[in-house]
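**Student:** One structure follows; several queries about it will come next.
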Amino acid sequence: MHNKKIAITRFLPLTLAAAVALATAQQAAAEIVLYDKDDTTFSTDGYINAFYVNSDVDRDGEQFDRRQSRVKMGFLPNWIGFNFGKQIDDLKLTGRSSFWVTINDSETNGTDTAIDVRQFYGTVSSPEWGEVLVGKDFGLFSRSNIFLDELLAGYGNVSDTLGLVDGTGVSFGNIGTGYPYPFPTSQITYRNNNLAEGLRVAVGIMDPVDTNDDSATGKAYQENPRFESEVSYQFDLGGSTIYTWVNGAYQTSENTDDTVDKVTSKGLGYGVQAKFGGLSLTGSGFQAKGINPFFTNNLGEPTLRDIDSDGYLLQGSYTWGKNRVALSYGKTEDDGNGLGVAADYETRGIAYFRTINDNLKLVAEYNQYQIDAAAGSGLNEDTDTFAVGAVVSW
């Protein structure tokens, strides 16, 4: 069973093809407006990055130890997005589609690059009552935790145990070492206008996931959708800007075979970011039960009934002129049902970002990744990675 779980996690980077991002990166990008007439707009944005990467792998089993060079995507994949907007009386209608691709499939798949649609949604909004989103977008649980990661445009961890050093997809940033990934999913989500200045609330129903076991005698089912929400509040204090948030998720999954226990999945995320002058300090964390510690879509259903995990991420950065330096430490503690053995997953990173102009950024990063598990588990790992690359966005 343990080996089976390892094999599943090795497959994940291939199925992800893209792993995160958007909000922060999108805001920093210089959107190109293609049409703006008669209260109708159409625009495009995009993100392209590549890194030279060198990883020094030290794992249980000497057959894994090596120094591996790659030319690879970073934490964010490459994408192109299209945005539509139209004002009709008091209603604002918008739509977004984004298409994500990997640049690292050529050695195994030739030119058969898959297109991963991470977003395909529309919104209806009004200054009187807020906004409703329908379609596919990132989830709300752990959303701000990942979007406000100081290393979002960097590289992050590349666990060899999880198949990331040789994988054809993205690196993992701080996924599994501070927060789980808020998987894109079909949803209906309401966002308020400011209830009070700086206060925002989002609540949504998501397509539920089969977290119970299908078998010859039973079928997993969910009487209710998955519920997710996020509350954030931004305010100024003593010359600094403070942003705080709390998010969560809840779902139950049952089985038509009454001898199979139901699975209750629930998670809580939280954090605070303070900015004053060029200094930024961020602390976030999560606690989850019945949720995979790496992915909020609950991959690995046979073990979810008993899984518990928690983690935190501490970061600081300083910006002067066109330069930014960021320090990061993240840790997730898993009680043993994620990969079959209790383990701590940690990353330590330092990154330098140099902004050349609105569309070009250079990045250099050093990252240390560690899995600390019981002796003989086959999970223990120390991987040090140096990455240097460029990001083009519009």
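Simple scheme: letters A, B, ... for chains in structure tokens order, numbers from 1 for residues in each chain, numbers from 1 for ligands in the order shown.
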Enumerate, as a PDB file with N, CA, C and O atoms, in the first residue's frame, the complete set of residues in region 91-223 of chain A that a backbone-based DSSP assignment places in strand (DSSP E or B).
**Tutor:**
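Printed below is selection_0.pdb as written:
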ATOM      1  N   LEU A  91     -25.673  46.251 -14.546  1.00  0.00           N
ATOM      2  CA  LEU A  91     -24.983  44.976 -14.394  1.00  0.00           C
ATOM      3  C   LEU A  91     -23.687  44.964 -15.200  1.00  0.00           C
ATOM      4  O   LEU A  91     -23.653  45.427 -16.336  1.00  0.00           O
ATOM      5  N   LYS A  92     -22.639  44.400 -14.595  1.00  0.00           N
ATOM      6  CA  LYS A  92     -21.370  44.193 -15.270  1.00  0.00           C
ATOM      7  C   LYS A  92     -21.206  42.699 -15.509  1.00  0.00           C
ATOM      8  O   LYS A  92     -21.217  41.891 -14.567  1.00  0.00           O
ATOM      9  N   LEU A  93     -21.076  42.311 -16.782  1.00  0.00           N
ATOM     10  CA  LEU A  93     -20.873  40.920 -17.137  1.00  0.00           C
ATOM     11  C   LEU A  93     -19.420  40.722 -17.554  1.00  0.00           C
ATOM     12  O   LEU A  93     -18.886  41.502 -18.347  1.00  0.00           O
ATOM     13  N   THR A  94     -18.778  39.715 -17.008  1.00  0.00           N
ATOM     14  CA  THR A  94     -17.391  39.427 -17.384  1.00  0.00           C
ATOM     15  C   THR A  94     -17.226  37.933 -17.609  1.00  0.00           C
ATOM     16  O   THR A  94     -18.033  37.115 -17.139  1.00  0.00           O
ATOM     17  N   GLY A  95     -16.167  37.584 -18.310  1.00  0.00           N
ATOM     18  CA  GLY A  95     -15.826  36.182 -18.509  1.00  0.00           C
ATOM     19  C   GLY A  95     -14.318  36.034 -18.581  1.00  0.00           C
ATOM     20  O   GLY A  95     -13.606  36.965 -18.984  1.00  0.00           O
ATOM     21  N   ARG A  96     -13.808  34.899 -18.160  1.00  0.00           N
ATOM     22  CA  ARG A  96     -12.368  34.629 -18.254  1.00  0.00           C
ATOM     23  C   ARG A  96     -12.134  33.169 -18.612  1.00  0.00           C
ATOM     24  O   ARG A  96     -12.792  32.270 -18.081  1.00  0.00           O
ATOM     25  N   SER A  97     -11.198  32.963 -19.527  1.00  0.00           N
ATOM     26  CA  SER A  97     -10.694  31.623 -19.825  1.00  0.00           C
ATOM     27  C   SER A  97      -9.177  31.694 -19.820  1.00  0.00           C
ATOM     28  O   SER A  97      -8.595  32.656 -20.316  1.00  0.00           O
ATOM     29  N   SER A  98      -8.529  30.708 -19.211  1.00  0.00           N
ATOM     30  CA  SER A  98      -7.066  30.673 -19.207  1.00  0.00           C
ATOM     31  C   SER A  98      -6.610  29.258 -19.552  1.00  0.00           C
ATOM     32  O   SER A  98      -7.191  28.273 -19.101  1.00  0.00           O
ATOM     33  N   PHE A  99      -5.572  29.186 -20.370  1.00  0.00           N
ATOM     34  CA  PHE A  99      -5.083  27.914 -20.900  1.00  0.00           C
ATOM     35  C   PHE A  99      -3.622  27.751 -20.485  1.00  0.00           C
ATOM     36  O   PHE A  99      -2.778  28.568 -20.818  1.00  0.00           O
ATOM     37  N   TRP A 100      -3.328  26.677 -19.772  1.00  0.00           N
ATOM     38  CA  TRP A 100      -2.036  26.477 -19.123  1.00  0.00           C
ATOM     39  C   TRP A 100      -1.314  25.313 -19.786  1.00  0.00           C
ATOM     40  O   TRP A 100      -1.917  24.267 -20.069  1.00  0.00           O
ATOM     41  N   VAL A 101      -0.030  25.475 -20.026  1.00  0.00           N
ATOM     42  CA  VAL A 101       0.731  24.432 -20.705  1.00  0.00           C
ATOM     43  C   VAL A 101       2.058  24.204 -19.992  1.00  0.00           C
ATOM     44  O   VAL A 101       2.561  25.074 -19.277  1.00  0.00           O
ATOM     45  N   ILE A 115      -3.091  20.930 -23.132  1.00  0.00           N
ATOM     46  CA  ILE A 115      -3.596  22.233 -22.703  1.00  0.00           C
ATOM     47  C   ILE A 115      -4.484  22.004 -21.494  1.00  0.00           C
ATOM     48  O   ILE A 115      -5.454  21.246 -21.553  1.00  0.00           O
ATOM     49  N   ASP A 116      -4.136  22.641 -20.393  1.00  0.00           N
ATOM     50  CA  ASP A 116      -4.836  22.468 -19.125  1.00  0.00           C
ATOM     51  C   ASP A 116      -5.680  23.713 -18.868  1.00  0.00           C
ATOM     52  O   ASP A 116      -5.141  24.802 -18.678  1.00  0.00           O
ATOM     53  N   VAL A 117      -6.997  23.564 -18.878  1.00  0.00           N
ATOM     54  CA  VAL A 117      -7.889  24.707 -18.676  1.00  0.00           C
ATOM     55  C   VAL A 117      -8.141  24.860 -17.181  1.00  0.00           C
ATOM     56  O   VAL A 117      -8.940  24.128 -16.596  1.00  0.00           O
ATOM     57  N   ARG A 118      -7.452  25.815 -16.560  1.00  0.00           N
ATOM     58  CA  ARG A 118      -7.596  26.017 -15.121  1.00  0.00           C
ATOM     59  C   ARG A 118      -8.740  26.961 -14.784  1.00  0.00           C
ATOM     60  O   ARG A 118      -9.247  26.934 -13.663  1.00  0.00           O
ATOM     61  N   GLN A 119      -9.143  27.807 -15.720  1.00  0.00           N
ATOM     62  CA  GLN A 119     -10.223  28.765 -15.463  1.00  0.00           C
ATOM     63  C   GLN A 119     -11.129  28.864 -16.684  1.00  0.00           C
ATOM     64  O   GLN A 119     -10.651  28.960 -17.816  1.00  0.00           O
ATOM     65  N   PHE A 120     -12.415  28.829 -16.429  1.00  0.00           N
ATOM     66  CA  PHE A 120     -13.398  29.058 -17.483  1.00  0.00           C
ATOM     67  C   PHE A 120     -14.691  29.467 -16.778  1.00  0.00           C
ATOM     68  O   PHE A 120     -15.502  28.633 -16.415  1.00  0.00           O
ATOM     69  N   TYR A 121     -14.825  30.760 -16.544  1.00  0.00           N
ATOM     70  CA  TYR A 121     -15.946  31.214 -15.735  1.00  0.00           C
ATOM     71  C   TYR A 121     -16.489  32.550 -16.231  1.00  0.00           C
ATOM     72  O   TYR A 121     -15.850  33.267 -16.995  1.00  0.00           O
ATOM     73  N   GLY A 122     -17.704  32.851 -15.765  1.00  0.00           N
ATOM     74  CA  GLY A 122     -18.316  34.147 -16.003  1.00  0.00           C
ATOM     75  C   GLY A 122     -18.759  34.748 -14.689  1.00  0.00           C
ATOM     76  O   GLY A 122     -18.966  34.033 -13.699  1.00  0.00           O
ATOM     77  N   THR A 123     -18.897  36.071 -14.650  1.00  0.00           N
ATOM     78  CA  THR A 123     -19.374  36.750 -13.445  1.00  0.00           C
ATOM     79  C   THR A 123     -20.465  37.746 -13.808  1.00  0.00           C
ATOM     80  O   THR A 123     -20.487  38.297 -14.919  1.00  0.00           O
ATOM     81  N   VAL A 124     -21.350  37.957 -12.870  1.00  0.00           N
ATOM     82  CA  VAL A 124     -22.362  39.013 -12.945  1.00  0.00           C
ATOM     83  C   VAL A 124     -22.219  39.832 -11.673  1.00  0.00           C
ATOM     84  O   VAL A 124     -22.237  39.271 -10.564  1.00  0.00           O
ATOM     85  N   SER A 125     -22.052  41.150 -11.809  1.00  0.00           N
ATOM     86  CA  SER A 125     -21.832  41.968 -10.621  1.00  0.00           C
ATOM     87  C   SER A 125     -22.637  43.264 -10.685  1.00  0.00           C
ATOM     88  O   SER A 125     -23.016  43.737 -11.767  1.00  0.00           O
ATOM     89  N   SER A 126     -22.865  43.804  -9.512  1.00  0.00           N
ATOM     90  CA  SER A 126     -23.578  45.064  -9.357  1.00  0.00           C
ATOM     91  C   SER A 126     -23.004  45.801  -8.159  1.00  0.00           C
ATOM     92  O   SER A 126     -22.668  45.160  -7.151  1.00  0.00           O
ATOM     93  N   GLY A 130     -23.059  43.017  -5.136  1.00  0.00           N
ATOM     94  CA  GLY A 130     -21.841  42.229  -5.192  1.00  0.00           C
ATOM     95  C   GLY A 130     -21.675  41.469  -6.498  1.00  0.00           C
ATOM     96  O   GLY A 130     -22.119  41.918  -7.551  1.00  0.00           O
ATOM     97  N   GLU A 131     -21.085  40.267  -6.417  1.00  0.00           N
ATOM     98  CA  GLU A 131     -20.725  39.515  -7.619  1.00  0.00           C
ATOM     99  C   GLU A 131     -21.011  38.036  -7.438  1.00  0.00           C
ATOM    100  O   GLU A 131     -20.800  37.471  -6.367  1.00  0.00           O
ATOM    101  N   VAL A 132     -21.491  37.404  -8.510  1.00  0.00           N
ATOM    102  CA  VAL A 132     -21.673  35.960  -8.545  1.00  0.00           C
ATOM    103  C   VAL A 132     -20.804  35.394  -9.662  1.00  0.00           C
ATOM    104  O   VAL A 132     -20.855  35.868 -10.799  1.00  0.00           O
ATOM    105  N   LEU A 133     -19.992  34.397  -9.328  1.00  0.00           N
ATOM    106  CA  LEU A 133     -19.133  33.705 -10.291  1.00  0.00           C
ATOM    107  C   LEU A 133     -19.702  32.320 -10.547  1.00  0.00           C
ATOM    108  O   LEU A 133     -20.045  31.595  -9.603  1.00  0.00           O
ATOM    109  N   VAL A 134     -19.793  31.942 -11.827  1.00  0.00           N
ATOM    110  CA  VAL A 134     -20.235  30.602 -12.191  1.00  0.00           C
ATOM    111  C   VAL A 134     -19.220  30.021 -13.174  1.00  0.00           C
ATOM    112  O   VAL A 134     -18.796  30.697 -14.112  1.00  0.00           O
ATOM    113  N   GLY A 135     -18.810  28.782 -12.942  1.00  0.00           N
ATOM    114  CA  GLY A 135     -17.852  28.153 -13.834  1.00  0.00           C
ATOM    115  C   GLY A 135     -16.725  27.511 -13.057  1.00  0.00           C
ATOM    116  O   GLY A 135     -16.897  27.073 -11.914  1.00  0.00           O
ATOM    117  N   LYS A 136     -15.537  27.474 -13.652  1.00  0.00           N
ATOM    118  CA  LYS A 136     -14.380  26.809 -13.059  1.00  0.00           C
ATOM    119  C   LYS A 136     -13.332  27.838 -12.663  1.00  0.00           C
ATOM    120  O   LYS A 136     -12.902  28.650 -13.477  1.00  0.00           O
ATOM    121  N   ASP A 137     -12.919  27.791 -11.398  1.00  0.00           N
ATOM    122  CA  ASP A 137     -11.887  28.688 -10.886  1.00  0.00           C
ATOM    123  C   ASP A 137     -11.224  28.002  -9.693  1.00  0.00           C
ATOM    124  O   ASP A 137     -11.681  26.953  -9.218  1.00  0.00           O
ATOM    125  N   GLY A 156      10.831  27.257  -5.751  1.00  0.00           N
ATOM    126  CA  GLY A 156      10.275  26.473  -4.661  1.00  0.00           C
ATOM    127  C   GLY A 156      10.785  25.045  -4.617  1.00  0.00           C
ATOM    128  O   GLY A 156      11.787  24.705  -5.241  1.00  0.00           O
ATOM    129  N   GLY A 173       6.615  24.884  -5.319  1.00  0.00           N
ATOM    130  CA  GLY A 173       6.598  26.070  -4.481  1.00  0.00           C
ATOM    131  C   GLY A 173       6.568  25.682  -3.016  1.00  0.00           C
ATOM    132  O   GLY A 173       7.448  25.004  -2.516  1.00  0.00           O
ATOM    133  N   ILE A 175       3.632  24.146  -1.823  1.00  0.00           N
ATOM    134  CA  ILE A 175       2.565  23.148  -1.700  1.00  0.00           C
ATOM    135  C   ILE A 175       3.086  21.968  -0.886  1.00  0.00           C
ATOM    136  O   ILE A 175       4.152  21.419  -1.177  1.00  0.00           O
ATOM    137  N   TYR A 179       0.960  24.863   2.974  1.00  0.00           N
ATOM    138  CA  TYR A 179      -0.447  24.913   2.574  1.00  0.00           C
ATOM    139  C   TYR A 179      -0.734  23.833   1.534  1.00  0.00           C
ATOM    140  O   TYR A 179       0.173  23.387   0.821  1.00  0.00           O
ATOM    141  N   TYR A 181      -2.787  22.800  -2.074  1.00  0.00           N
ATOM    142  CA  TYR A 181      -3.105  23.517  -3.308  1.00  0.00           C
ATOM    143  C   TYR A 181      -4.621  23.650  -3.497  1.00  0.00           C
ATOM    144  O   TYR A 181      -5.334  22.641  -3.484  1.00  0.00           O
ATOM    145  N   THR A 185     -11.974  24.135  -9.557  1.00  0.00           N
ATOM    146  CA  THR A 185     -13.135  23.260  -9.594  1.00  0.00           C
ATOM    147  C   THR A 185     -14.355  24.038 -10.041  1.00  0.00           C
ATOM    148  O   THR A 185     -14.388  25.272  -9.962  1.00  0.00           O
ATOM    149  N   SER A 186     -15.366  23.328 -10.522  1.00  0.00           N
ATOM    150  CA  SER A 186     -16.623  23.989 -10.901  1.00  0.00           C
ATOM    151  C   SER A 186     -17.312  24.491  -9.637  1.00  0.00           C
ATOM    152  O   SER A 186     -17.339  23.802  -8.616  1.00  0.00           O
ATOM    153  N   GLN A 187     -17.886  25.684  -9.728  1.00  0.00           N
ATOM    154  CA  GLN A 187     -18.416  26.321  -8.526  1.00  0.00           C
ATOM    155  C   GLN A 187     -19.424  27.415  -8.861  1.00  0.00           C
ATOM    156  O   GLN A 187     -19.481  27.924  -9.978  1.00  0.00           O
ATOM    157  N   ILE A 188     -20.189  27.771  -7.845  1.00  0.00           N
ATOM    158  CA  ILE A 188     -21.034  28.967  -7.854  1.00  0.00           C
ATOM    159  C   ILE A 188     -20.652  29.740  -6.597  1.00  0.00           C
ATOM    160  O   ILE A 188     -20.894  29.268  -5.477  1.00  0.00           O
ATOM    161  N   THR A 189     -20.037  30.907  -6.777  1.00  0.00           N
ATOM    162  CA  THR A 189     -19.466  31.638  -5.641  1.00  0.00           C
ATOM    163  C   THR A 189     -19.965  33.075  -5.626  1.00  0.00           C
ATOM    164  O   THR A 189     -19.964  33.757  -6.659  1.00  0.00           O
ATOM    165  N   TYR A 190     -20.369  33.520  -4.448  1.00  0.00           N
ATOM    166  CA  TYR A 190     -20.804  34.907  -4.255  1.00  0.00           C
ATOM    167  C   TYR A 190     -19.724  35.677  -3.510  1.00  0.00           C
ATOM    168  O   TYR A 190     -19.164  35.185  -2.523  1.00  0.00           O
ATOM    169  N   ARG A 191     -19.437  36.881  -3.993  1.00  0.00           N
ATOM    170  CA  ARG A 191     -18.523  37.806  -3.302  1.00  0.00           C
ATOM    171  C   ARG A 191     -19.263  39.110  -3.055  1.00  0.00           C
ATOM    172  O   ARG A 191     -19.907  39.642  -3.943  1.00  0.00           O
ATOM    173  N   LEU A 199     -13.397  45.104   4.188  1.00  0.00           N
ATOM    174  CA  LEU A 199     -13.897  43.772   4.537  1.00  0.00           C
ATOM    175  C   LEU A 199     -14.538  43.117   3.319  1.00  0.00           C
ATOM    176  O   LEU A 199     -15.396  43.697   2.666  1.00  0.00           O
ATOM    177  N   ARG A 200     -14.112  41.882   3.035  1.00  0.00           N
ATOM    178  CA  ARG A 200     -14.682  41.143   1.906  1.00  0.00           C
ATOM    179  C   ARG A 200     -15.013  39.711   2.337  1.00  0.00           C
ATOM    180  O   ARG A 200     -14.284  39.105   3.126  1.00  0.00           O
ATOM    181  N   VAL A 201     -16.110  39.199   1.791  1.00  0.00           N
ATOM    182  CA  VAL A 201     -16.580  37.859   2.101  1.00  0.00           C
ATOM    183  C   VAL A 201     -16.860  37.117   0.799  1.00  0.00           C
ATOM    184  O   VAL A 201     -17.476  37.670  -0.118  1.00  0.00           O
ATOM    185  N   ALA A 202     -16.400  35.878   0.701  1.00  0.00           N
ATOM    186  CA  ALA A 202     -16.712  35.015  -0.435  1.00  0.00           C
ATOM    187  C   ALA A 202     -17.243  33.693   0.101  1.00  0.00           C
ATOM    188  O   ALA A 202     -16.654  33.106   1.028  1.00  0.00           O
ATOM    189  N   VAL A 203     -18.361  33.225  -0.446  1.00  0.00           N
ATOM    190  CA  VAL A 203     -18.927  31.934  -0.072  1.00  0.00           C
ATOM    191  C   VAL A 203     -19.305  31.207  -1.350  1.00  0.00           C
ATOM    192  O   VAL A 203     -19.828  31.806  -2.293  1.00  0.00           O
ATOM    193  N   GLY A 204     -19.020  29.906  -1.397  1.00  0.00           N
ATOM    194  CA  GLY A 204     -19.291  29.170  -2.615  1.00  0.00           C
ATOM    195  C   GLY A 204     -19.676  27.732  -2.374  1.00  0.00           C
ATOM    196  O   GLY A 204     -19.332  27.145  -1.343  1.00  0.00           O
ATOM    197  N   ILE A 205     -20.411  27.180  -3.336  1.00  0.00           N
ATOM    198  CA  ILE A 205     -20.654  25.747  -3.362  1.00  0.00           C
ATOM    199  C   ILE A 205     -19.825  25.181  -4.510  1.00  0.00           C
ATOM    200  O   ILE A 205     -19.807  25.723  -5.615  1.00  0.00           O
ATOM    201  N   MET A 206     -19.103  24.094  -4.209  1.00  0.00           N
ATOM    202  CA  MET A 206     -18.191  23.482  -5.161  1.00  0.00           C
ATOM    203  C   MET A 206     -18.670  22.078  -5.514  1.00  0.00           C
ATOM    204  O   MET A 206     -19.351  21.419  -4.725  1.00  0.00           O
ATOM    205  N   SER A 215     -16.922   0.387  -4.359  1.00  0.00           N
ATOM    206  CA  SER A 215     -16.586  -1.036  -4.296  1.00  0.00           C
ATOM    207  C   SER A 215     -17.671  -1.823  -5.018  1.00  0.00           C
ATOM    208  O   SER A 215     -18.643  -1.271  -5.535  1.00  0.00           O
ATOM    209  N   GLY A 218     -20.824  -1.161  -2.997  1.00  0.00           N
ATOM    210  CA  GLY A 218     -21.262   0.174  -2.619  1.00  0.00           C
ATOM    211  C   GLY A 218     -20.771   1.246  -3.568  1.00  0.00           C
ATOM    212  O   GLY A 218     -19.852   1.045  -4.356  1.00  0.00           O
ATOM    213  N   ALA A 220     -19.886   5.540  -3.648  1.00  0.00           N
ATOM    214  CA  ALA A 220     -19.719   6.802  -2.927  1.00  0.00           C
ATOM    215  C   ALA A 220     -20.711   7.830  -3.440  1.00  0.00           C
ATOM    216  O   ALA A 220     -21.023   7.878  -4.628  1.00  0.00           O
ATOM    217  N   TYR A 221     -21.206   8.667  -2.523  1.00  0.00           N
ATOM    218  CA  TYR A 221     -22.118   9.741  -2.929  1.00  0.00           C
ATOM    219  C   TYR A 221     -22.054  10.871  -1.918  1.00  0.00           C
ATOM    220  O   TYR A 221     -21.597  10.691  -0.780  1.00  0.00           O
TER     221      TYR A 221
END
**Student:** Would you kindly return, as a PyMOL selection string, each protein, DNA or RNA residue with an atom no farther than 6 Å from any atom of region 258-266 of chain A, considering only C-alpha atoms and excluding same-chain residues fewer than 3 positions away?
**Tutor:** chain A and resi 249-254+288-291+305
**Student:** Record the distance separating CA of Ile146 (chain A) and CA of Gly178 (chain A), expressed in Å with one decimal.
**Tutor:**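 Taking CA of Ile146 (chain A) and CA of Gly178 (chain A), their separation equals 9.0 Å.
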**Student:** Just the residues within 8 Å of Asn297 (chain A), please, counting only C-alpha atoms, with nothing from its chain fewer than 5 positions along; format it as a ChimeraX atom specification.
**Tutor:** /A:182-183,209,291-292
**Student:** Check the smallest atom-to-atom distance from each of A:Gly389, A:Gly74, A:Gly267, A:Gly316 to Val246 (chain A) using only C-alpha atoms, then report the winner.
**Tutor:**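 Among the listed residues, A:Gly267 lies closest to Val246 (chain A).
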**Student:** May I have all residues of region 40-223 of chain A that DSSP, computed from the backbone, assigns to alpha helix (DSSP H), given as a list in words?
**Tutor:**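 Of region 40-223 of chain A, only Ser106, Glu107, Thr108, Asn109, Arg143, Ser144, Asn145, Ile146 and Phe147 of chain A fall in alpha helix (DSSP H).
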**Student:** Could you turn the residues from that selection into a file that holds all heavy atoms, as a tab-separated table (two decimals), in the first residue's frame?
**Tutor:**
chain	number	residue	atom	x	y	z
A	106	SER	N	8.82	17.44	-23.73
A	106	SER	CA	9.44	17.05	-24.99
A	106	SER	C	10.23	15.75	-24.90
A	106	SER	O	10.30	15.00	-25.88
A	106	SER	CB	10.35	18.18	-25.50
A	106	SER	OG	11.33	18.50	-24.53
A	107	GLU	N	10.82	15.45	-23.74
A	107	GLU	CA	11.64	14.23	-23.64
A	107	GLU	C	10.80	12.97	-23.64
A	107	GLU	O	11.25	11.91	-24.08
A	107	GLU	CB	12.49	14.28	-22.37
A	107	GLU	CG	13.65	15.26	-22.44
A	107	GLU	CD	14.62	15.07	-21.28
A	107	GLU	OE1	14.33	14.22	-20.42
A	107	GLU	OE2	15.65	15.75	-21.25
A	108	THR	N	9.57	13.06	-23.17
A	108	THR	CA	8.74	11.86	-23.06
A	108	THR	C	7.57	11.84	-24.02
A	108	THR	O	7.10	10.77	-24.42
A	108	THR	CB	8.19	11.73	-21.63
A	108	THR	OG1	7.48	12.93	-21.28
A	108	THR	CG2	9.33	11.53	-20.64
A	109	ASN	N	7.05	13.02	-24.40
A	109	ASN	CA	5.84	13.07	-25.22
A	109	ASN	C	6.03	13.73	-26.57
A	109	ASN	O	5.06	14.03	-27.26
A	109	ASN	CB	4.73	13.82	-24.47
A	109	ASN	CG	4.36	13.14	-23.16
A	109	ASN	OD1	4.39	11.92	-23.09
A	109	ASN	ND2	4.04	13.91	-22.15
A	143	ARG	N	-6.78	29.67	-0.53
A	143	ARG	CA	-6.58	30.53	-1.69
A	143	ARG	C	-5.60	31.67	-1.40
A	143	ARG	O	-4.60	31.84	-2.10
A	143	ARG	CB	-7.93	31.10	-2.16
A	143	ARG	CG	-7.88	31.90	-3.46
A	143	ARG	CD	-9.24	32.50	-3.77
A	143	ARG	NE	-9.26	33.24	-5.01
A	143	ARG	CZ	-9.73	32.79	-6.17
A	143	ARG	NH1	-10.22	31.55	-6.22
A	143	ARG	NH2	-9.73	33.54	-7.25
A	144	SER	N	-5.87	32.47	-0.38
A	144	SER	CA	-4.96	33.58	-0.07
A	144	SER	C	-3.61	33.07	0.43
A	144	SER	O	-2.59	33.73	0.23
A	144	SER	CB	-5.58	34.51	0.97
A	144	SER	OG	-6.63	35.27	0.40
A	145	ASN	N	-3.60	31.91	1.08
A	145	ASN	CA	-2.33	31.34	1.55
A	145	ASN	C	-1.35	31.19	0.40
A	145	ASN	O	-0.16	31.49	0.53
A	145	ASN	CB	-2.56	29.98	2.20
A	145	ASN	CG	-3.49	30.04	3.39
A	145	ASN	OD1	-4.60	30.53	3.29
A	145	ASN	ND2	-3.05	29.50	4.51
A	146	ILE	N	-1.84	30.74	-0.74
A	146	ILE	CA	-0.95	30.49	-1.87
A	146	ILE	C	-0.76	31.72	-2.74
A	146	ILE	O	0.33	32.00	-3.23
A	146	ILE	CB	-1.46	29.29	-2.70
A	146	ILE	CG1	-0.37	28.77	-3.63
A	146	ILE	CG2	-2.71	29.64	-3.47
A	146	ILE	CD1	-0.71	27.43	-4.26
A	147	PHE	N	-1.82	32.52	-2.94
A	147	PHE	CA	-1.70	33.68	-3.81
A	147	PHE	C	-0.79	34.76	-3.23
A	147	PHE	O	-0.23	35.57	-3.96
A	147	PHE	CB	-3.08	34.28	-4.09
A	147	PHE	CG	-3.89	33.50	-5.09
A	147	PHE	CD1	-5.21	33.82	-5.32
A	147	PHE	CD2	-3.33	32.45	-5.79
A	147	PHE	CE1	-5.96	33.11	-6.25
A	147	PHE	CE2	-4.06	31.72	-6.71
A	147	PHE	CZ	-5.39	32.05	-6.95
**Student:** Interatomic distance between CA of Val341 (chain A) and CA of Ser377 (chain A)?
**Tutor:**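 For CA of Val341 (chain A) relative to CA of Ser377 (chain A), the distance reads 6.9 Å.
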